[in-house]
Amino acid sequence: MQPVNIIGGGLAGSEAAWQLASRQIPVRLFEMRGREKTPAHSTDKLAELVCSNSFRSDDPNSNAVGVLHAEMRKMGSLIMMIADQHRVPAGSALAVDREGFAEAVTNRLQNHPLIEIHRERIDHIPDETTIIASGPLTSDGLANAITELTGRDALSFFDAIAPIVYRDSIDMDIAWFQSRWDKGDGHDYINCPLNKEEYLAFHAALLAGEKGDFHEWEKDTPYFEGCMPIEVMADRGIDTLRFGPMKPVGLDDPRTGRWPYGAVQLRQDNALGTLWNIVGFQTKLKYAEQIRIFRMIPGLEKAEFARLGGMHRNSFIRSPVLLDEYLRLKKQTNIRFAGQITGCEGYIESASIGLLAGIFTAADKLDRKVSSPPVESALGALLGHITKNADPDHYQPMNINFGLFPPISEKHPKKQRKAMMAERARKALDQWISEEAFLKSFILEQ
């Protein structure tokens, strides 16, 4: 059988390769890292996590991300299987040891007899069956080829990276362990308290801090609301941070027994617990300014940074115009797109679209039929947003959220609707699997 080409070895490309190879379809996976560097990655590992190490909430009963986690596990997701094996404490969230996670995904794909990994950059669109999962840092050559084929320019926005601190440099006489509202085992987050005077001084420093220069291609590019730089949030108002990443609610400072005026949280970043990332502190501040300003935070006065924050371009296509409900390019149906380049945002969202692209392509190669997942499911809701439900004229990257699901009747109390949507999603996905022979037989074999 002619192999399927997959361009990009991130989460989406890795998941798509696994779904195809697991159905006995050969794959050629192309990844330029190992031969060339990107502005954001630091290794040549497949499925490297370049921002947070969190896949966010793992609650399948009242959180849309948790529902998506559960659906992907049911569908035989490689990314979820490896994430579960390399999880680290994070309260109700699913966070992973980033190095162990990427190493395991790489080994699993490298050792599969039907997957060939080619370390090279692809600047053209192949004539054969291909999944383009080149991600937010698509090379200029491939981006130009996509533009030539589609006749539409790719869009772009900023994606920001939060800094990572060495655990032993945090002053635990000031900071303390606690998950918000005491969720988890109590040691999932480290909290640094700020009183009003400290908060105002920190806010002022963020506004005055020297930012990195913008490249020409970064000018006039909108920020994605879900990954807003800390200094941009600060510029939106004096209390914006206190209602965002520095909100103190649910955190009791053991020294006072009260909530602080503001709080900074750090989350464990590796299995050893030696590295902790500052939650929500993506930034465009220059490196020296990051060190100076972040050391103003009580408990981080002597912080040592394993990695400082940064920003990079993120490109995506106008999927609602260009793609059909099976992620195929309408203009050339042997080409599919998957992952962040489609306009989904987030690790797990990217992997889920890679999963669907792999399944749809496998069905085509085996001359089998499979319908799109039901819109009541998280997979179907996200796919629907990407391919048809979003406003194409104002299309922006989107995380999975209950706002993408069909609404529950207003007669039900608001607090119950999320749980009802989650239960409806479970039933819809189970029914979809039971009615699709192509899916049912594979899942039963797993």
# chains A, B, ... in the order shown; residues from 1 in each chain; ligands from 1
$ residues_around --residues "Thr342 of chain A" --least-positions-apart "3" --cutoff "7 Å" --atoms "only C-alpha atoms" --output "list in words"
Phe316, Ile317, Ser319, Phe337, Ala338, Gly339 and Ile386 of chain A
$ write_last_selection --atoms "N, CA and C atoms" --output "PDB file, in the first residue's frame"
ATOM      1  N   PHE A 316      -2.202  29.729  11.003  1.00  0.00           N
ATOM      2  CA  PHE A 316      -3.307  28.802  10.807  1.00  0.00           C
ATOM      3  C   PHE A 316      -4.094  29.215   9.568  1.00  0.00           C
ATOM      4  N   ILE A 317      -4.806  28.244   8.996  1.00  0.00           N
ATOM      5  CA  ILE A 317      -5.571  28.491   7.784  1.00  0.00           C
ATOM      6  C   ILE A 317      -7.023  28.820   8.127  1.00  0.00           C
ATOM      7  N   SER A 319      -9.909  27.454   8.052  1.00  0.00           N
ATOM      8  CA  SER A 319     -10.462  26.111   7.886  1.00  0.00           C
ATOM      9  C   SER A 319     -11.939  26.069   7.510  1.00  0.00           C
ATOM     10  N   PHE A 337      -5.657  18.481   6.584  1.00  0.00           N
ATOM     11  CA  PHE A 337      -4.934  19.285   7.564  1.00  0.00           C
ATOM     12  C   PHE A 337      -5.303  18.798   8.957  1.00  0.00           C
ATOM     13  N   ALA A 338      -4.361  18.941   9.888  1.00  0.00           N
ATOM     14  CA  ALA A 338      -4.611  18.504  11.264  1.00  0.00           C
ATOM     15  C   ALA A 338      -3.814  19.356  12.233  1.00  0.00           C
ATOM     16  N   GLY A 339      -4.297  19.452  13.460  1.00  0.00           N
ATOM     17  CA  GLY A 339      -3.569  20.147  14.508  1.00  0.00           C
ATOM     18  C   GLY A 339      -3.788  21.643  14.498  1.00  0.00           C
ATOM     19  N   ILE A 386     -14.217  23.914  13.590  1.00  0.00           N
ATOM     20  CA  ILE A 386     -13.134  24.107  12.628  1.00  0.00           C
ATOM     21  C   ILE A 386     -13.639  24.101  11.195  1.00  0.00           C
TER      22      ILE A 386
END
$ residues_around --residues "segment 209-212 of chain A" --least-positions-apart "2" --cutoff "8 Å" --atoms "only C-alpha atoms" --output "list in words"
Ala205, Leu206, Leu207, Phe214, Lys284, Leu285, Lys286, Glu289 and Ile293 of chain A
$ write_last_selection --atoms "C-alpha atoms" --output "PDB file, in the first residue's frame"
ATOM      1  CA  ALA A 205       7.139  47.015  36.779  1.00  0.00           C
ATOM      2  CA  LEU A 206       5.387  44.890  34.159  1.00  0.00           C
ATOM      3  CA  LEU A 207       4.131  47.990  32.377  1.00  0.00           C
ATOM      4  CA  PHE A 214       8.935  42.763  17.223  1.00  0.00           C
ATOM      5  CA  LYS A 284       7.483  39.222  25.701  1.00  0.00           C
ATOM      6  CA  LEU A 285       9.708  40.868  28.327  1.00  0.00           C
ATOM      7  CA  LYS A 286      13.425  40.773  27.620  1.00  0.00           C
ATOM      8  CA  GLU A 289      13.779  42.170  32.694  1.00  0.00           C
ATOM      9  CA  ILE A 293      10.664  41.678  37.629  1.00  0.00           C
TER      10      ILE A 293
END
$ residues_around --residues "Arg318 of chain A" --least-positions-apart "2" --cutoff "7 Å" --atoms "only C-alpha atoms" --output "JSON list (two decimals) with N, CA and C atoms, in the first residue's frame"
[["chain", "number", "residue", "atom", "x", "y", "z"],
["A", 316, "PHE", "N", -2.20, 29.73, 11.00],
["A", 316, "PHE", "CA", -3.31, 28.80, 10.81],
["A", 316, "PHE", "C", -4.09, 29.21, 9.57],
["A", 320, "PRO", "N", -12.81, 26.92, 8.08],
["A", 320, "PRO", "CA", -14.23, 26.82, 7.72],
["A", 320, "PRO", "C", -14.48, 27.04, 6.23],
["A", 321, "VAL", "N", -13.58, 27.74, 5.56],
["A", 321, "VAL", "CA", -13.71, 27.98, 4.13],
["A", 321, "VAL", "C", -13.02, 26.89, 3.32],
["A", 322, "LEU", "N", -11.88, 26.42, 3.82],
["A", 322, "LEU", "CA", -11.01, 25.57, 3.01],
["A", 322, "LEU", "C", -11.24, 24.07, 3.19],
["A", 392, "PRO", "N", -16.20, 32.38, 9.28],
["A", 392, "PRO", "CA", -14.94, 32.36, 8.52],
["A", 392, "PRO", "C", -14.29, 33.73, 8.38],
["A", 395, "TYR", "N", -12.38, 34.23, 11.89],
["A", 395, "TYR", "CA", -11.94, 32.94, 12.43],
["A", 395, "TYR", "C", -10.69, 33.11, 13.27]]
$ select_by_dssp --residues "segment 28-126 of chain A" --states "strand (DSSP E)" --output "JSON, numbers by chain"
{"A": [28, 29, 30, 54, 55, 56, 57, 87, 88, 93, 94, 95, 96, 115, 116, 117, 118]}
$ closest_residue --among "A:Ile238, A:His412, A:Lys418, A:Leu439" --to "Ala363 of chain A" --atoms "only C-alpha atoms"
A:Leu439
$ select_by_dssp --residues "segment 338-385 of chain A" --states "alpha helix (DSSP H)" --output "number ranges by chain"
A: 347-365, 378-384
$ atom_distance --atom1 "atom CA of Ala133 of chain A" --atom2 "atom CA of Ala12 of chain A"
6.1 Å
$ atom_distance --atom1 "atom CA of Asp123 of chain A" --atom2 "atom CA of Glu48 of chain A"
21.5 Å
$ closest_residue --among "A:Asp182, A:Gly13, A:Phe405, A:Ile25" --to "Leu366 of chain A" --atoms "only C-alpha atoms"
A:Ile25
$ residues_around --residues "Phe402 of chain A" --least-positions-apart "5" --cutoff "8 Å" --atoms "only C-alpha atoms" --output "list in words"
Asn63, Ala64, Lys418 and Met421 of chain A
$ residues_around --residues "Gly280 of chain A" --least-positions-apart "6" --cutoff "10 Å" --atoms "only C-alpha atoms" --output "PyMOL selection string"
chain A and resi 52+160-163+226-230+241+244-246+264-266
$ write_last_selection --atoms "N, CA and C atoms" --output "PDB file, in the first residue's frame"
ATOM      1  N   SER A  52       3.257  25.182  28.259  1.00  0.00           N
ATOM      2  CA  SER A  52       2.958  24.525  29.526  1.00  0.00           C
ATOM      3  C   SER A  52       3.155  23.016  29.401  1.00  0.00           C
ATOM      4  N   ALA A 160       2.791  32.385  23.409  1.00  0.00           N
ATOM      5  CA  ALA A 160       3.782  32.792  24.391  1.00  0.00           C
ATOM      6  C   ALA A 160       4.155  31.655  25.330  1.00  0.00           C
ATOM      7  N   ILE A 161       5.404  31.659  25.782  1.00  0.00           N
ATOM      8  CA  ILE A 161       5.959  30.595  26.617  1.00  0.00           C
ATOM      9  C   ILE A 161       6.212  31.132  28.019  1.00  0.00           C
ATOM     10  N   ALA A 162       5.749  30.404  29.038  1.00  0.00           N
ATOM     11  CA  ALA A 162       5.936  30.823  30.427  1.00  0.00           C
ATOM     12  C   ALA A 162       7.296  30.353  30.952  1.00  0.00           C
ATOM     13  N   PRO A 163       7.889  31.095  31.877  1.00  0.00           N
ATOM     14  CA  PRO A 163       9.189  30.699  32.438  1.00  0.00           C
ATOM     15  C   PRO A 163       9.077  29.526  33.410  1.00  0.00           C
ATOM     16  N   GLY A 226      -6.395  33.208  24.832  1.00  0.00           N
ATOM     17  CA  GLY A 226      -6.097  32.136  25.769  1.00  0.00           C
ATOM     18  C   GLY A 226      -4.629  32.027  26.131  1.00  0.00           C
ATOM     19  N   CYS A 227      -3.769  32.809  25.483  1.00  0.00           N
ATOM     20  CA  CYS A 227      -2.332  32.741  25.777  1.00  0.00           C
ATOM     21  C   CYS A 227      -1.768  34.163  25.790  1.00  0.00           C
ATOM     22  N   MET A 228      -2.415  35.034  26.527  1.00  0.00           N
ATOM     23  CA  MET A 228      -2.088  36.453  26.542  1.00  0.00           C
ATOM     24  C   MET A 228      -0.812  36.714  27.346  1.00  0.00           C
ATOM     25  N   PRO A 229       0.147  37.472  26.808  1.00  0.00           N
ATOM     26  CA  PRO A 229       1.341  37.835  27.577  1.00  0.00           C
ATOM     27  C   PRO A 229       0.958  38.572  28.854  1.00  0.00           C
ATOM     28  N   ILE A 230       1.690  38.316  29.917  1.00  0.00           N
ATOM     29  CA  ILE A 230       1.354  38.852  31.230  1.00  0.00           C
ATOM     30  C   ILE A 230       1.353  40.384  31.219  1.00  0.00           C
ATOM     31  N   LEU A 241      -4.991  41.320  36.321  1.00  0.00           N
ATOM     32  CA  LEU A 241      -4.216  40.154  36.750  1.00  0.00           C
ATOM     33  C   LEU A 241      -4.847  39.479  37.964  1.00  0.00           C
ATOM     34  N   GLY A 244      -7.268  37.180  36.815  1.00  0.00           N
ATOM     35  CA  GLY A 244      -6.702  36.240  35.854  1.00  0.00           C
ATOM     36  C   GLY A 244      -5.683  35.329  36.520  1.00  0.00           C
ATOM     37  N   PRO A 245      -4.447  35.307  36.018  1.00  0.00           N
ATOM     38  CA  PRO A 245      -3.453  34.360  36.550  1.00  0.00           C
ATOM     39  C   PRO A 245      -2.995  34.654  37.969  1.00  0.00           C
ATOM     40  N   MET A 246      -3.289  35.851  38.498  1.00  0.00           N
ATOM     41  CA  MET A 246      -2.874  36.176  39.865  1.00  0.00           C
ATOM     42  C   MET A 246      -4.062  36.261  40.820  1.00  0.00           C
ATOM     43  N   VAL A 264       0.638  34.340  42.940  1.00  0.00           N
ATOM     44  CA  VAL A 264       1.256  33.718  41.767  1.00  0.00           C
ATOM     45  C   VAL A 264       1.357  32.226  42.043  1.00  0.00           C
ATOM     46  N   GLN A 265       0.900  31.400  41.099  1.00  0.00           N
ATOM     47  CA  GLN A 265       0.963  29.958  41.272  1.00  0.00           C
ATOM     48  C   GLN A 265       2.037  29.351  40.367  1.00  0.00           C
ATOM     49  N   LEU A 266       2.709  28.337  40.885  1.00  0.00           N
ATOM     50  CA  LEU A 266       3.668  27.551  40.111  1.00  0.00           C
ATOM     51  C   LEU A 266       3.205  26.104  40.107  1.00  0.00           C
TER      52      LEU A 266
END
$ closest_residue --among "A:Met172, A:Ala378, A:Ala17, A:Leu78" --to "Leu429 of chain A" --atoms "only C-alpha atoms"
A:Ala378
$ closest_residue --among "A:Arg56, A:His124, A:Lys74, A:His86" --to "Phe442 of chain A" --atoms "only C-alpha atoms"
A:Lys74
$ atom_distance --atom1 "atom CA of Gly8 of chain A" --atom2 "atom CA of Thr333 of chain A"
18.9 Å
$ closest_residue --among "A:Arg267, A:Lys411, A:Arg119, A:Arg258" --to "Ile190 of chain A" --atoms "only C-alpha atoms"
A:Arg267
$ residues_around --residues "segment 295-298 of chain A" --least-positions-apart "5" --cutoff "10 Å" --atoms "only C-alpha atoms" --output "list in words"
Ile170, Asp171, Met172, Asp173, Ile174, Ala175, Asn191, Cys192, Pro193, Leu194, Asn195, Glu198, Tyr199, Ala201, Phe202, Ala205, Ala263, Val264, Glu289, Gln290, Ala303 and Glu304 of chain A
$ residues_around --residues "Ala21 of chain A" --least-positions-apart "5" --cutoff "9 Å" --atoms "only C-alpha atoms" --output "list in words"
Ala16, Pro26, Val27, His112, Pro113, Leu114, Ile115 and Ala362 of chain A
